[in-house]
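K.L.:
Below is a structure I'd like to ask you about.
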Amino acid sequence: MSTIQAEGGETVFPMSMGLAIVVTDGTPTQLPGEPWPRPGAHKLIARSNGEYLLVGIRGCGPAGDRAQDVGLGPGDICFYDADRPPLLDFPGHARLKVFLLARETLGLDEHDVRHVMAAPVSRSSRLGALLSPFLSELADTVPSSQPPVGEMLAWNAVNLLATLATEQLGRDATGTPDAKSPMLSRILRFIDLHLADADLSPEVIAGAHHISVRYLHKLFQDEGTTVGRWIQRRRLEECRRDLMHRVRGRQTIAAVAGRWGFLSATHFSRVFRAAYGMSPSEWRDTAGPGARSRRR
């Protein structure tokens, strides 16, 4: 696994899935990200010496209101905006292990990012107790891992971070919004049942539930997303699952995309890369079983 020496005593380990891991070797002075924090940026304040885990999210979208300063304990996991990184107030012997990846890789939209950055995940919480030691060990061992092992570790790390973000957002394990509306719950089930229909549209969905298209859009707006974004996300998830498990046997990537409602293979490849940081063929050959023996 190749490494890149960065400024400030940091070593960057580029990995698959659009993930990079940054480990500080000395006193942390700034978080990885661009540009350098602007005046008025909030602070991350460490309570004591120790190790801290941070997840830098790229592509967060327009800046919102100034976030409040956040206090951290050793082992806590904190999401931050890598495009507008916060300032640090850390003791001299603190060490940072930072996971950098795009919000699309975590399945987040701009609205979601503001929520996951609102509070750190405590090392003493249920998921924190599970993920904190795993992520810490991964950051330490990935440099010596052989490429196939490193790729799979990266894939596992991304999926665990996505699970953590899902927990922060109050969604279930499939990424379904914690819908308060029984109507929205029925609509989400309807969408899942008709994902393969290429003509699935807001008009079709609204008509099937005897509501107006305007009201349909409002239901999704209240959950911080849109009808089209939700349908595309669910279709991408099903395509990614098929490509990973190779359940379609000899089917081409275009055939898998078509099965889940994508009419254009070019469009599918473009949105897949935007969401997961790699092309469909790269995902299939990297994440699927037998990847080494079945590369293109």
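Residue numbers start at 1 in each chain; chains themselves are named A, B, ... in the order of the structure tokens; ligands are numbered from 1 in the order shown.
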Report as CSV the residues of range 155-231 of chain A within 12 Å of range 264-284 of chain A, each with its shortest atom pair and distance in Å (one decimal), using only C-alpha atoms, ordered by chain and increasing residue number.
P.N.:
residue,atom,partner,partner_atom,distance
A:Trp155,CA,A:Trp283,CA,9.8
A:Val158,CA,A:Tyr276,CA,9.7
A:Asn159,CA,A:Tyr276,CA,10.9
A:Ala162,CA,A:Tyr276,CA,11.5
A:Ala198,CA,A:Ser264,CA,10.6
A:Arg229,CA,A:Val271,CA,11.0
K.L.:
How about saving the chosen residues, all heavy atoms kept, as a compact mmCIF listing (two decimals), in the first residue's frame?
P.N.:
# COMPACT_ATOMS: atom_id res chain seq x y z
N TRP A 155 -13.35 -1.17 2.02
CA TRP A 155 -14.78 -1.39 1.77
C TRP A 155 -15.54 -1.57 3.09
O TRP A 155 -16.61 -1.00 3.29
CB TRP A 155 -14.94 -2.62 0.88
CG TRP A 155 -16.35 -3.00 0.61
CD1 TRP A 155 -17.25 -2.33 -0.16
CD2 TRP A 155 -17.03 -4.15 1.10
NE1 TRP A 155 -18.45 -3.00 -0.16
CE2 TRP A 155 -18.35 -4.12 0.59
CE3 TRP A 155 -16.65 -5.23 1.90
CZ2 TRP A 155 -19.28 -5.10 0.88
CZ3 TRP A 155 -17.58 -6.23 2.18
CH2 TRP A 155 -18.88 -6.15 1.68
N VAL A 158 -15.81 1.86 4.93
CA VAL A 158 -16.83 2.74 4.36
C VAL A 158 -18.21 2.29 4.77
O VAL A 158 -19.07 3.11 5.14
CB VAL A 158 -16.69 2.78 2.82
CG1 VAL A 158 -17.90 3.46 2.19
CG2 VAL A 158 -15.42 3.52 2.42
N ASN A 159 -18.47 1.00 4.73
CA ASN A 159 -19.79 0.49 5.10
C ASN A 159 -20.08 0.72 6.59
O ASN A 159 -21.21 1.03 6.97
CB ASN A 159 -19.91 -0.98 4.75
CG ASN A 159 -20.26 -1.21 3.29
OD1 ASN A 159 -21.41 -1.10 2.89
ND2 ASN A 159 -19.25 -1.51 2.49
N ALA A 162 -20.84 4.36 6.99
CA ALA A 162 -22.19 4.63 6.50
C ALA A 162 -23.24 4.17 7.50
O ALA A 162 -24.26 4.83 7.70
CB ALA A 162 -22.40 3.92 5.16
N ALA A 198 -38.85 1.15 -15.34
CA ALA A 198 -38.14 2.33 -15.86
C ALA A 198 -39.02 3.57 -15.88
O ALA A 198 -38.51 4.69 -15.84
CB ALA A 198 -37.62 2.03 -17.27
N ARG A 229 -34.23 11.74 -6.10
CA ARG A 229 -32.99 11.37 -5.43
C ARG A 229 -33.15 10.05 -4.69
O ARG A 229 -32.25 9.21 -4.68
CB ARG A 229 -32.58 12.49 -4.47
CG ARG A 229 -31.22 12.28 -3.81
CD ARG A 229 -30.95 13.41 -2.83
NE ARG A 229 -30.91 14.69 -3.51
CZ ARG A 229 -31.15 15.85 -2.92
NH1 ARG A 229 -31.48 15.89 -1.64
NH2 ARG A 229 -31.07 16.97 -3.60
K.L.:
Let's see if you can do this: from backbone DSSP, list all strand (DSSP E or B) residues in range 31-135 of chain A, as a ChimeraX atom specification.
P.N.:
/A:43-46,51-58,70-72,77-81,87-89,95-102,121
K.L.:
Excluding Pro32 in chain A and residues on its chain fewer than 3 positions from it, collect all residues at most 9 Å away from it, counting only C-alpha atoms, and give them as a compact mmCIF listing (two decimals) with N, CA, C and O atoms, in the first residue's frame.
P.N.:
# COMPACT_ATOMS: atom_id res chain seq x y z
N VAL A 22 -5.68 9.49 7.05
CA VAL A 22 -4.60 10.38 7.46
C VAL A 22 -4.30 10.13 8.94
O VAL A 22 -5.20 10.17 9.78
N TRP A 36 -8.08 26.15 4.03
CA TRP A 36 -7.75 26.34 5.44
C TRP A 36 -8.92 27.06 6.13
O TRP A 36 -9.58 27.90 5.54
N GLY A 56 -13.71 13.09 7.85
CA GLY A 56 -13.84 14.30 7.04
C GLY A 56 -14.69 14.01 5.81
O GLY A 56 -14.37 13.13 5.02
N ALA A 82 -14.94 18.54 5.47
CA ALA A 82 -13.56 18.65 4.99
C ALA A 82 -13.36 19.85 4.08
O ALA A 82 -12.22 20.27 3.86
N PRO A 85 -12.91 22.84 7.23
CA PRO A 85 -12.53 22.14 8.45
C PRO A 85 -12.52 23.05 9.68
O PRO A 85 -12.18 24.23 9.58
N VAL A 98 -7.73 10.17 10.79
CA VAL A 98 -8.79 10.83 10.04
C VAL A 98 -9.12 10.00 8.80
O VAL A 98 -8.23 9.59 8.05
N LEU A 100 -11.06 10.29 5.30
CA LEU A 100 -11.58 11.28 4.35
C LEU A 100 -12.33 10.59 3.22
O LEU A 100 -11.78 9.70 2.58
K.L.:
Out of A:Arg123, A:Arg84, A:His194, A:Arg233, which residue has the shortest atom-to-atom distance to Leu108 in chain A when counting only C-alpha atoms?
P.N.:
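When distances to Leu108 in chain A are compared using only C-alpha atoms, the smallest one comes from A:Arg233.
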K.L.:
For Gly18 in chain A, which residue among A:Arg259, A:Lys43, A:Arg58, A:Lys218 is the nearest when counting only C-alpha atoms?
P.N.:
A:Arg58
K.L.:
With DSSP run on the backbone, what are the helix (DSSP H, G or I) residues within range 35-224 of chain A? I'd like them as JSON, numbers by chain.
P.N.:
{"A": [110, 111, 112, 113, 114, 115, 116, 126, 127, 128, 129, 130, 131, 132, 133, 134, 135, 136, 137, 138, 139, 140, 141, 142, 143, 144, 147, 148, 149, 150, 151, 152, 153, 154, 155, 156, 157, 158, 159, 160, 161, 162, 163, 164, 165, 166, 167, 168, 169, 182, 183, 184, 185, 186, 187, 188, 189, 190, 191, 192, 193, 202, 203, 204, 205, 206, 207, 208, 213, 214, 215, 216, 217, 218, 219, 220, 221, 222]}
K.L.:
Need to verify the contact set: Gly59 in chain A, 7 Å, only C-alpha atoms, exclusion of same-chain residues closer than 3 positions in sequence. Can you return it as a VMD selection string?
P.N.:
chain A and resid 83 102 to 103
K.L.:
Export, as a PDB file, in the first residue's frame, the selected residues with all heavy atoms.
P.N.:
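Final output, saved to out_17.pdb:
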ATOM      1  N   ASP A  83     -14.437  20.408   3.534  1.00  0.00           N
ATOM      2  CA  ASP A  83     -14.319  21.609   2.705  1.00  0.00           C
ATOM      3  C   ASP A  83     -14.201  22.866   3.558  1.00  0.00           C
ATOM      4  O   ASP A  83     -13.730  23.899   3.073  1.00  0.00           O
ATOM      5  CB  ASP A  83     -15.530  21.740   1.782  1.00  0.00           C
ATOM      6  CG  ASP A  83     -15.632  20.578   0.809  1.00  0.00           C
ATOM      7  OD1 ASP A  83     -14.577  20.068   0.401  1.00  0.00           O
ATOM      8  OD2 ASP A  83     -16.757  20.172   0.483  1.00  0.00           O
ATOM      9  N   ALA A 102     -16.040  11.142   0.326  1.00  0.00           N
ATOM     10  CA  ALA A 102     -17.108  11.986  -0.182  1.00  0.00           C
ATOM     11  C   ALA A 102     -18.430  11.639   0.489  1.00  0.00           C
ATOM     12  O   ALA A 102     -18.675  10.491   0.858  1.00  0.00           O
ATOM     13  CB  ALA A 102     -17.238  11.821  -1.695  1.00  0.00           C
ATOM     14  N   ARG A 103     -19.292  12.645   0.612  1.00  0.00           N
ATOM     15  CA  ARG A 103     -20.583  12.410   1.250  1.00  0.00           C
ATOM     16  C   ARG A 103     -21.411  11.395   0.467  1.00  0.00           C
ATOM     17  O   ARG A 103     -22.188  10.634   1.050  1.00  0.00           O
ATOM     18  CB  ARG A 103     -21.358  13.715   1.416  1.00  0.00           C
ATOM     19  CG  ARG A 103     -21.748  14.418   0.139  1.00  0.00           C
ATOM     20  CD  ARG A 103     -22.635  15.632   0.426  1.00  0.00           C
ATOM     21  NE  ARG A 103     -22.912  16.429  -0.762  1.00  0.00           N
ATOM     22  CZ  ARG A 103     -23.849  16.124  -1.633  1.00  0.00           C
ATOM     23  NH1 ARG A 103     -24.601  15.048  -1.463  1.00  0.00           N
ATOM     24  NH2 ARG A 103     -24.049  16.889  -2.701  1.00  0.00           N
TER      25      ARG A 103
END
K.L.:
If we count only C-alpha atoms and set the cut-off at 10 Å, which residues sit around range 112-121 of chain A, ignoring sequence neighbours fewer than 5 positions away in its own chain? Please answer as a ChimeraX atom specification.
P.N.:
/A:53-61,63-65,67-73,75-81,103,106-107,126-129,131-132,164-170,223-225
K.L.:
Measuring atom to atom with only C-alpha atoms, identify which of A:Pro74, A:Val142, A:Phe90, A:Gly50 is nearest to Thr29 in chain A.
P.N.:
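So, comparing all the options, the nearest one is A:Phe90.
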K.L.:
One number please: CA of Pro91 in chain A to CA of Ala46 in chain A, in Å, one decimal.
P.N.:
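Atom-to-atom, CA of Pro91 in chain A and CA of Ala46 in chain A are spaced 7.0 Å apart.
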K.L.:
Which residue out of A:Ala257, A:Glu237, A:Ala196, A:Leu153 has the minimum interatomic distance to Ala139 in chain A when only C-alpha atoms are used?
P.N.:
A:Leu153
K.L.:
So how far away is CA of Thr163 in chain A from CA of Ser125 in chain A, in Å?
P.N.:
14.2 Å
K.L.:
For CA of Gly33 in chain A and CA of Leu19 in chain A, quote the distance in Å rounded to one decimal.
P.N.:
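CA of Leu19 in chain A lies at a distance of 13.4 Å from CA of Gly33 in chain A.
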K.L.:
Calculated over only C-alpha atoms, which of the candidates A:Ile187, A:Leu101, A:Leu96, A:Val227 has the smallest distance to Ala157 in chain A?
P.N.:
A:Leu101
K.L.:
Identify which of the residues A:Ala208, A:Phe99, A:Ile45, A:His217 lies closest to Ser136 in chain A, counting only C-alpha atoms when measuring atom-to-atom distances.
P.N.:
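Closest candidate: A:Phe99.
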